[in-house]
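Participant: So here's structure-v8.txt, just compact mmCIF, N, CA and C atoms:
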# COMPACT_ATOMS: atom_id res chain seq x y z
N MET E 1 5.35 2.31 18.28
CA MET E 1 5.85 2.69 16.98
C MET E 1 5.01 3.83 16.43
N GLY E 2 5.63 4.74 15.71
CA GLY E 2 4.90 5.85 15.10
C GLY E 2 4.09 5.38 13.92
N ARG E 3 3.02 6.05 13.67
CA ARG E 3 2.17 5.71 12.53
C ARG E 3 2.88 6.04 11.22
N TYR E 4 2.59 5.30 10.20
CA TYR E 4 3.11 5.59 8.86
C TYR E 4 2.20 6.65 8.27
N THR E 5 2.75 7.81 7.97
CA THR E 5 1.91 8.94 7.58
C THR E 5 2.20 9.48 6.19
N ALA E 6 3.00 8.79 5.40
CA ALA E 6 3.32 9.29 4.06
C ALA E 6 2.05 9.45 3.24
N PRO E 7 1.98 10.51 2.44
CA PRO E 7 0.81 10.67 1.56
C PRO E 7 0.82 9.57 0.50
N PRO E 8 -0.35 9.23 -0.01
CA PRO E 8 -0.40 8.17 -1.04
C PRO E 8 0.31 8.62 -2.31
N PRO E 9 0.90 7.68 -3.03
CA PRO E 9 1.47 8.04 -4.33
C PRO E 9 0.34 8.44 -5.28
N PRO E 10 0.65 9.21 -6.31
CA PRO E 10 -0.40 9.58 -7.26
C PRO E 10 -0.97 8.35 -7.96
N ALA E 11 -2.26 8.37 -8.18
CA ALA E 11 -2.92 7.25 -8.87
C ALA E 11 -2.56 7.29 -10.35
N PRO E 12 -2.23 6.13 -10.92
CA PRO E 12 -2.00 6.08 -12.37
C PRO E 12 -3.33 6.14 -13.10
N ALA E 13 -3.26 6.22 -14.40
CA ALA E 13 -4.49 6.16 -15.21
C ALA E 13 -5.06 4.75 -15.09
N LEU E 14 -6.29 4.68 -14.64
CA LEU E 14 -6.98 3.40 -14.46
C LEU E 14 -8.27 3.44 -15.26
N PRO E 15 -8.81 2.26 -15.60
CA PRO E 15 -10.15 2.25 -16.19
C PRO E 15 -11.12 2.94 -15.22
N ALA E 16 -12.17 3.54 -15.76
CA ALA E 16 -13.07 4.36 -14.95
C ALA E 16 -13.59 3.65 -13.71
N ALA E 17 -14.01 2.42 -13.82
CA ALA E 17 -14.57 1.71 -12.67
C ALA E 17 -13.51 1.52 -11.58
N ALA E 18 -12.32 1.11 -11.96
CA ALA E 18 -11.25 0.91 -10.98
C ALA E 18 -10.82 2.24 -10.35
N ALA E 19 -10.76 3.29 -11.16
CA ALA E 19 -10.38 4.61 -10.65
C ALA E 19 -11.39 5.11 -9.63
N SER E 20 -12.67 4.93 -9.93
CA SER E 20 -13.73 5.35 -9.02
C SER E 20 -13.66 4.59 -7.71
N LEU E 21 -13.45 3.28 -7.79
CA LEU E 21 -13.34 2.47 -6.58
C LEU E 21 -12.11 2.85 -5.76
N ALA E 22 -10.98 3.11 -6.44
CA ALA E 22 -9.76 3.50 -5.73
C ALA E 22 -9.97 4.81 -4.98
N ALA E 23 -10.62 5.78 -5.63
CA ALA E 23 -10.87 7.07 -4.98
C ALA E 23 -11.82 6.89 -3.79
N GLN E 24 -12.85 6.08 -3.98
CA GLN E 24 -13.80 5.81 -2.89
C GLN E 24 -13.08 5.15 -1.71
N ALA E 25 -12.22 4.17 -2.00
CA ALA E 25 -11.50 3.47 -0.94
C ALA E 25 -10.58 4.40 -0.17
N GLU E 26 -9.94 5.32 -0.88
CA GLU E 26 -9.03 6.26 -0.19
C GLU E 26 -9.83 7.15 0.78
N LYS E 27 -11.00 7.57 0.37
CA LYS E 27 -11.85 8.37 1.27
C LYS E 27 -12.27 7.54 2.48
N GLN E 28 -12.63 6.28 2.24
CA GLN E 28 -13.01 5.40 3.35
C GLN E 28 -11.83 5.20 4.31
N ARG E 29 -10.63 5.00 3.76
CA ARG E 29 -9.45 4.81 4.60
C ARG E 29 -9.17 6.06 5.43
N GLU E 30 -9.26 7.21 4.80
CA GLU E 30 -9.00 8.47 5.51
C GLU E 30 -10.00 8.69 6.65
N ARG E 31 -11.23 8.18 6.49
CA ARG E 31 -12.24 8.28 7.55
C ARG E 31 -12.04 7.23 8.63
N GLY E 32 -11.14 6.28 8.39
CA GLY E 32 -10.92 5.21 9.35
C GLY E 32 -11.84 4.01 9.16
N ASP E 33 -12.56 3.97 8.04
CA ASP E 33 -13.44 2.84 7.74
C ASP E 33 -12.65 1.80 6.95
N TYR E 34 -11.75 1.11 7.66
CA TYR E 34 -10.80 0.23 7.01
C TYR E 34 -11.45 -1.01 6.40
N VAL E 35 -12.49 -1.52 7.03
CA VAL E 35 -13.18 -2.70 6.50
C VAL E 35 -13.79 -2.37 5.14
N ALA E 36 -14.47 -1.25 5.06
CA ALA E 36 -15.08 -0.84 3.78
C ALA E 36 -14.00 -0.52 2.75
N ALA E 37 -12.92 0.14 3.16
CA ALA E 37 -11.84 0.48 2.23
C ALA E 37 -11.23 -0.79 1.64
N ALA E 38 -10.99 -1.78 2.49
CA ALA E 38 -10.41 -3.04 2.00
C ALA E 38 -11.36 -3.72 1.02
N ALA E 39 -12.63 -3.77 1.33
CA ALA E 39 -13.61 -4.41 0.44
C ALA E 39 -13.68 -3.67 -0.90
N THR E 40 -13.65 -2.35 -0.85
CA THR E 40 -13.69 -1.55 -2.08
C THR E 40 -12.45 -1.79 -2.92
N LEU E 41 -11.29 -1.83 -2.28
CA LEU E 41 -10.05 -2.09 -3.02
C LEU E 41 -10.02 -3.50 -3.60
N GLU E 42 -10.56 -4.46 -2.86
CA GLU E 42 -10.61 -5.82 -3.39
C GLU E 42 -11.49 -5.88 -4.65
N ARG E 43 -12.55 -5.10 -4.69
CA ARG E 43 -13.38 -5.02 -5.91
C ARG E 43 -12.57 -4.43 -7.06
N ALA E 44 -11.82 -3.36 -6.77
CA ALA E 44 -10.99 -2.73 -7.81
C ALA E 44 -9.92 -3.70 -8.32
N ILE E 45 -9.35 -4.47 -7.41
CA ILE E 45 -8.32 -5.44 -7.79
C ILE E 45 -8.90 -6.53 -8.69
N ARG E 46 -10.16 -6.88 -8.48
CA ARG E 46 -10.78 -7.86 -9.37
C ARG E 46 -10.87 -7.30 -10.80
N ILE E 47 -11.00 -5.99 -10.93
CA ILE E 47 -11.06 -5.34 -12.25
C ILE E 47 -9.66 -5.21 -12.85
N GLN E 48 -8.69 -4.83 -12.04
CA GLN E 48 -7.31 -4.59 -12.49
C GLN E 48 -6.33 -5.36 -11.60
N PRO E 49 -6.26 -6.68 -11.73
CA PRO E 49 -5.46 -7.48 -10.79
C PRO E 49 -3.95 -7.26 -10.87
N ARG E 50 -3.46 -6.66 -11.94
CA ARG E 50 -2.02 -6.47 -12.07
C ARG E 50 -1.62 -5.01 -11.85
N GLU E 51 -2.48 -4.23 -11.22
CA GLU E 51 -2.21 -2.81 -10.99
C GLU E 51 -1.54 -2.62 -9.62
N ALA E 52 -0.26 -2.27 -9.65
CA ALA E 52 0.53 -2.12 -8.42
C ALA E 52 -0.08 -1.10 -7.46
N TYR E 53 -0.65 -0.03 -8.00
CA TYR E 53 -1.22 1.02 -7.14
C TYR E 53 -2.33 0.46 -6.24
N LEU E 54 -3.18 -0.38 -6.77
CA LEU E 54 -4.28 -0.93 -5.98
C LEU E 54 -3.77 -1.83 -4.86
N TRP E 55 -2.76 -2.64 -5.16
CA TRP E 55 -2.16 -3.48 -4.12
C TRP E 55 -1.47 -2.61 -3.08
N ASN E 56 -0.86 -1.52 -3.51
CA ASN E 56 -0.23 -0.57 -2.59
C ASN E 56 -1.26 0.02 -1.63
N ARG E 57 -2.40 0.41 -2.15
CA ARG E 57 -3.41 1.03 -1.29
C ARG E 57 -4.00 0.01 -0.32
N LEU E 58 -4.16 -1.26 -0.76
CA LEU E 58 -4.65 -2.29 0.14
C LEU E 58 -3.61 -2.57 1.23
N ALA E 59 -2.33 -2.53 0.86
CA ALA E 59 -1.27 -2.68 1.88
C ALA E 59 -1.38 -1.58 2.92
N ARG E 60 -1.67 -0.36 2.49
CA ARG E 60 -1.78 0.76 3.43
C ARG E 60 -2.95 0.55 4.38
N VAL E 61 -4.07 0.07 3.86
CA VAL E 61 -5.23 -0.21 4.73
C VAL E 61 -4.84 -1.25 5.77
N ARG E 62 -4.18 -2.31 5.35
CA ARG E 62 -3.78 -3.35 6.31
C ARG E 62 -2.77 -2.82 7.32
N LEU E 63 -1.89 -1.93 6.89
CA LEU E 63 -0.95 -1.30 7.83
C LEU E 63 -1.72 -0.44 8.83
N ASP E 64 -2.69 0.32 8.35
CA ASP E 64 -3.51 1.15 9.24
C ASP E 64 -4.27 0.30 10.25
N GLN E 65 -4.56 -0.95 9.89
CA GLN E 65 -5.24 -1.88 10.79
C GLN E 65 -4.26 -2.61 11.70
N ASN E 66 -2.97 -2.27 11.61
CA ASN E 66 -1.90 -2.95 12.37
C ASN E 66 -1.78 -4.42 11.99
N ASN E 67 -2.20 -4.78 10.80
CA ASN E 67 -2.03 -6.14 10.28
C ASN E 67 -0.72 -6.15 9.50
N TYR E 68 0.39 -6.21 10.26
CA TYR E 68 1.71 -6.01 9.68
C TYR E 68 2.12 -7.11 8.71
N THR E 69 1.77 -8.34 9.00
CA THR E 69 2.14 -9.45 8.12
C THR E 69 1.50 -9.28 6.76
N GLN E 70 0.20 -9.00 6.75
CA GLN E 70 -0.49 -8.85 5.48
C GLN E 70 -0.04 -7.57 4.77
N ALA E 71 0.17 -6.49 5.50
CA ALA E 71 0.64 -5.24 4.89
C ALA E 71 1.98 -5.46 4.19
N ASN E 72 2.88 -6.18 4.86
CA ASN E 72 4.19 -6.46 4.27
C ASN E 72 4.04 -7.28 2.99
N SER E 73 3.23 -8.32 3.04
CA SER E 73 3.03 -9.19 1.88
C SER E 73 2.41 -8.42 0.71
N LEU E 74 1.42 -7.60 0.98
CA LEU E 74 0.76 -6.83 -0.07
C LEU E 74 1.70 -5.78 -0.67
N ALA E 75 2.51 -5.13 0.17
CA ALA E 75 3.47 -4.15 -0.34
C ALA E 75 4.50 -4.83 -1.23
N GLN E 76 4.93 -6.03 -0.84
CA GLN E 76 5.88 -6.77 -1.68
C GLN E 76 5.24 -7.18 -3.01
N LYS E 77 3.97 -7.58 -2.98
CA LYS E 77 3.27 -7.92 -4.22
C LYS E 77 3.18 -6.67 -5.11
N SER E 78 2.86 -5.54 -4.52
CA SER E 78 2.80 -4.29 -5.28
C SER E 78 4.15 -3.98 -5.91
N ASN E 79 5.22 -4.16 -5.15
CA ASN E 79 6.56 -3.92 -5.70
C ASN E 79 6.82 -4.83 -6.90
N ALA E 80 6.40 -6.08 -6.81
CA ALA E 80 6.63 -7.03 -7.89
C ALA E 80 5.89 -6.62 -9.17
N LEU E 81 4.78 -5.90 -9.02
CA LEU E 81 3.99 -5.47 -10.17
C LEU E 81 4.33 -4.05 -10.64
N SER E 82 5.13 -3.32 -9.89
CA SER E 82 5.25 -1.87 -10.09
C SER E 82 6.12 -1.43 -11.25
N LYS E 83 6.89 -2.32 -11.84
CA LYS E 83 7.74 -1.97 -13.00
C LYS E 83 8.50 -0.68 -12.75
N ASP E 84 8.20 0.40 -13.49
CA ASP E 84 8.95 1.65 -13.36
C ASP E 84 8.20 2.71 -12.54
N GLN E 85 7.27 2.29 -11.71
CA GLN E 85 6.48 3.22 -10.90
C GLN E 85 7.24 3.51 -9.59
N ASP E 86 8.24 4.38 -9.68
CA ASP E 86 9.14 4.61 -8.54
C ASP E 86 8.44 5.13 -7.29
N GLN E 87 7.45 6.00 -7.44
CA GLN E 87 6.76 6.54 -6.25
C GLN E 87 6.01 5.43 -5.51
N ILE E 88 5.43 4.53 -6.25
CA ILE E 88 4.73 3.40 -5.62
C ILE E 88 5.74 2.51 -4.91
N LYS E 89 6.86 2.22 -5.57
CA LYS E 89 7.90 1.40 -4.95
C LYS E 89 8.40 2.04 -3.65
N GLN E 90 8.65 3.33 -3.69
CA GLN E 90 9.15 4.02 -2.50
C GLN E 90 8.13 3.95 -1.37
N ASP E 91 6.86 4.14 -1.69
CA ASP E 91 5.82 4.05 -0.67
C ASP E 91 5.74 2.62 -0.12
N ASN E 92 5.84 1.64 -1.01
CA ASN E 92 5.83 0.24 -0.55
C ASN E 92 6.99 -0.01 0.41
N TRP E 93 8.18 0.46 0.07
CA TRP E 93 9.33 0.26 0.96
C TRP E 93 9.14 0.98 2.29
N GLY E 94 8.48 2.14 2.27
CA GLY E 94 8.18 2.82 3.53
C GLY E 94 7.27 1.99 4.41
N MET E 95 6.27 1.37 3.79
CA MET E 95 5.37 0.50 4.56
C MET E 95 6.08 -0.75 5.04
N ILE E 96 6.92 -1.33 4.19
CA ILE E 96 7.69 -2.51 4.60
C ILE E 96 8.57 -2.16 5.79
N ALA E 97 9.19 -0.98 5.75
CA ALA E 97 10.01 -0.54 6.89
C ALA E 97 9.17 -0.46 8.16
N ALA E 98 7.97 0.09 8.04
CA ALA E 98 7.08 0.21 9.22
C ALA E 98 6.71 -1.17 9.76
N THR E 99 6.45 -2.13 8.86
CA THR E 99 6.08 -3.47 9.33
C THR E 99 7.26 -4.15 10.00
N ARG E 100 8.45 -3.95 9.45
CA ARG E 100 9.65 -4.56 10.06
C ARG E 100 9.95 -3.94 11.42
N ARG E 101 9.79 -2.62 11.52
CA ARG E 101 10.02 -1.96 12.80
C ARG E 101 9.02 -2.46 13.84
N ALA E 102 7.76 -2.63 13.43
CA ALA E 102 6.74 -3.13 14.34
C ALA E 102 7.06 -4.54 14.82
N ALA E 103 7.74 -5.31 13.97
CA ALA E 103 8.10 -6.69 14.32
C ALA E 103 9.41 -6.74 15.12
N GLY E 104 10.00 -5.58 15.40
CA GLY E 104 11.24 -5.55 16.16
C GLY E 104 12.49 -5.76 15.32
N ASP E 105 12.37 -5.69 14.01
CA ASP E 105 13.50 -5.89 13.10
C ASP E 105 14.06 -4.52 12.70
N ALA E 106 14.84 -3.92 13.61
CA ALA E 106 15.37 -2.57 13.35
C ALA E 106 16.30 -2.55 12.15
N LYS E 107 17.15 -3.55 11.99
CA LYS E 107 18.08 -3.59 10.86
C LYS E 107 17.32 -3.72 9.55
N GLY E 108 16.34 -4.63 9.51
CA GLY E 108 15.53 -4.79 8.31
C GLY E 108 14.75 -3.53 7.98
N ALA E 109 14.30 -2.83 9.02
CA ALA E 109 13.58 -1.56 8.80
C ALA E 109 14.51 -0.52 8.19
N GLU E 110 15.76 -0.47 8.65
CA GLU E 110 16.72 0.49 8.11
C GLU E 110 17.00 0.21 6.64
N VAL E 111 17.14 -1.07 6.30
CA VAL E 111 17.38 -1.44 4.89
C VAL E 111 16.19 -0.98 4.04
N ALA E 112 14.98 -1.24 4.51
CA ALA E 112 13.78 -0.84 3.76
C ALA E 112 13.67 0.68 3.68
N GLU E 113 14.02 1.38 4.75
CA GLU E 113 13.98 2.85 4.73
C GLU E 113 14.96 3.41 3.70
N ASP E 114 16.12 2.77 3.59
CA ASP E 114 17.09 3.21 2.56
C ASP E 114 16.49 3.03 1.17
N LYS E 115 15.80 1.91 0.95
CA LYS E 115 15.17 1.67 -0.36
C LYS E 115 14.04 2.67 -0.59
N ALA E 116 13.31 3.01 0.47
CA ALA E 116 12.23 4.00 0.34
C ALA E 116 12.79 5.36 -0.04
N ALA E 117 14.00 5.65 0.42
CA ALA E 117 14.65 6.92 0.11
C ALA E 117 15.35 6.89 -1.25
N GLY E 118 15.28 5.75 -1.93
CA GLY E 118 15.88 5.63 -3.24
C GLY E 118 17.36 5.32 -3.22
N GLN E 119 17.85 4.79 -2.11
CA GLN E 119 19.29 4.50 -1.99
C GLN E 119 19.58 3.05 -2.28
Spit out the file's structure as structure tokens when you get a sec.
Facilitator:
Amino acid sequence: MGRYTAPPPPAPALPAAAASLAAQAEKQRERGDYVAAAATLERAIRIQPREAYLWNRLARVRLDQNNYTQANSLAQKSNALSKDQDQIKQDNWGMIAATRRAAGDAKGAEVAEDKAAGQ
């Protein structure tokens, strides 16, 4: 399966501590330090537990680790919290599509890809 390569959605306005941790985690993820990125995001989530963006970024780390079950679950949690944050929702659906494709669910992946495209 091809890697999920979509750029991250823009970060919303977060309290300073959570914003700093989110930025640090994204740098760690980009370097391939997924364990540190996950730990950093988990700290940020403790500060802002209802912030869809943070759950989205943790889903991406788990997807990068090929932990498809957890990535899918985290992306769905992010969607549940995302309200009107369409870019986050679309990114979540893109990750859900990737997890479904990895699990051999081509039809489910197509449905998720349509949602990622806003259809």
Participant: Distance cut-off 12 Å, centre (10.5, 0.5, 13.7) in file coordinates, counting only C-alpha atoms: which residues qualify? Return them as JSON, numbers by chain.
Facilitator: {"E": [1, 2, 3, 4, 68, 94, 95, 96, 97, 98, 99, 100, 101, 102, 103, 104, 105, 106, 107, 108, 109, 110, 111, 112, 113]}
Participant: Which residues, written as an mmCIF file with N, CA and C atoms, keeping the file's coordinate frame, have at least one atom at most 10 Å from Leu74 (chain E), with only C-alpha atoms counted and residues fewer than 4 positions away on the same chain left out?
Facilitator:
data_model
loop_
_atom_site.group_PDB
_atom_site.id
_atom_site.type_symbol
_atom_site.label_atom_id
_atom_site.label_comp_id
_atom_site.auth_asym_id
_atom_site.auth_seq_id
_atom_site.Cartn_x
_atom_site.Cartn_y
_atom_site.Cartn_z
ATOM 1 N N ALA E 52 -0.260 -2.270 -9.650
ATOM 2 C CA ALA E 52 0.530 -2.120 -8.420
ATOM 3 C C ALA E 52 -0.080 -1.100 -7.460
ATOM 4 N N LEU E 54 -3.180 -0.380 -6.770
ATOM 5 C CA LEU E 54 -4.280 -0.930 -5.980
ATOM 6 C C LEU E 54 -3.770 -1.830 -4.860
ATOM 7 N N TRP E 55 -2.760 -2.640 -5.160
ATOM 8 C CA TRP E 55 -2.160 -3.480 -4.120
ATOM 9 C C TRP E 55 -1.470 -2.610 -3.080
ATOM 10 N N ASN E 56 -0.860 -1.520 -3.510
ATOM 11 C CA ASN E 56 -0.230 -0.570 -2.590
ATOM 12 C C ASN E 56 -1.260 0.020 -1.630
ATOM 13 N N ARG E 57 -2.400 0.410 -2.150
ATOM 14 C CA ARG E 57 -3.410 1.030 -1.290
ATOM 15 C C ARG E 57 -4.000 0.010 -0.320
ATOM 16 N N LEU E 58 -4.160 -1.260 -0.760
ATOM 17 C CA LEU E 58 -4.650 -2.290 0.140
ATOM 18 C C LEU E 58 -3.610 -2.570 1.230
ATOM 19 N N ALA E 59 -2.330 -2.530 0.860
ATOM 20 C CA ALA E 59 -1.270 -2.680 1.880
ATOM 21 C C ALA E 59 -1.380 -1.580 2.920
ATOM 22 N N ARG E 60 -1.670 -0.360 2.490
ATOM 23 C CA ARG E 60 -1.780 0.760 3.430
ATOM 24 C C ARG E 60 -2.950 0.550 4.380
ATOM 25 N N ARG E 62 -4.180 -2.310 5.350
ATOM 26 C CA ARG E 62 -3.780 -3.350 6.310
ATOM 27 C C ARG E 62 -2.770 -2.820 7.320
ATOM 28 N N LEU E 63 -1.890 -1.930 6.890
ATOM 29 C CA LEU E 63 -0.950 -1.300 7.830
ATOM 30 C C LEU E 63 -1.720 -0.440 8.830
ATOM 31 N N TYR E 68 0.390 -6.210 10.260
ATOM 32 C CA TYR E 68 1.710 -6.010 9.680
ATOM 33 C C TYR E 68 2.120 -7.110 8.710
ATOM 34 N N THR E 69 1.770 -8.340 9.000
ATOM 35 C CA THR E 69 2.140 -9.450 8.120
ATOM 36 C C THR E 69 1.500 -9.280 6.760
ATOM 37 N N GLN E 70 0.200 -9.000 6.750
ATOM 38 C CA GLN E 70 -0.490 -8.850 5.480
ATOM 39 C C GLN E 70 -0.040 -7.570 4.770
ATOM 40 N N SER E 78 2.860 -5.540 -4.520
ATOM 41 C CA SER E 78 2.800 -4.290 -5.280
ATOM 42 C C SER E 78 4.150 -3.980 -5.910
ATOM 43 N N ASN E 79 5.220 -4.160 -5.150
ATOM 44 C CA ASN E 79 6.560 -3.920 -5.700
ATOM 45 C C ASN E 79 6.820 -4.830 -6.900
ATOM 46 N N ALA E 80 6.400 -6.080 -6.810
ATOM 47 C CA ALA E 80 6.630 -7.030 -7.890
ATOM 48 C C ALA E 80 5.890 -6.620 -9.170
ATOM 49 N N ASN E 92 5.840 1.640 -1.010
ATOM 50 C CA ASN E 92 5.830 0.240 -0.550
ATOM 51 C C ASN E 92 6.990 -0.010 0.410
ATOM 52 N N MET E 95 6.270 1.370 3.790
ATOM 53 C CA MET E 95 5.370 0.500 4.560
ATOM 54 C C MET E 95 6.080 -0.750 5.040
ATOM 55 N N ILE E 96 6.920 -1.330 4.190
ATOM 56 C CA ILE E 96 7.690 -2.510 4.600
ATOM 57 C C ILE E 96 8.570 -2.160 5.790
#
Participant: Tell me which residues come within 12 Å of (-2.7, 3.0, -6.1), as a VMD selection string, counting only C-alpha atoms in the file's coordinates.
Facilitator: chain E and resid 7 to 14 18 to 26 41 44 to 45 48 to 61 75 78 to 79 81 to 82 85 87 to 89 91 to 92
Participant: Just asking: which residues within region 5-78 of chain E are helix (DSSP H, G or I) according to DSSP, as number ranges by chain?
Facilitator: E: 16-31, 34-47, 52-64, 68-78
Participant: Hey, can you check how far CA of Ala17 (chain E) sits from CA of Asp86 (chain E)?
Facilitator: 24.2 Å
Participant: Report as JSON the centre and the edge lengths, in Å to one decimal, of the axis-aligned box holding every listed atom of region 102-119 of chain E, padded by 3 Å on each side.
Facilitator:
{"center_x": 13.2, "center_y": 0.1, "center_z": 6.5, "size_x": 18.8, "size_y": 19.7, "size_z": 25.4}
Participant: Do you have the CA of Tyr34 (chain E)-atom C of Trp93 (chain E) distance handy?
Facilitator: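 Here the two named atoms are 20.5 Å from each other.
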Participant: Report the distance between CA of Glu42 (chain E) and CA of Lys83 (chain E) in Å, rounded to one decimal place.
Facilitator: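 These two atoms are separated by 21.1 Å.
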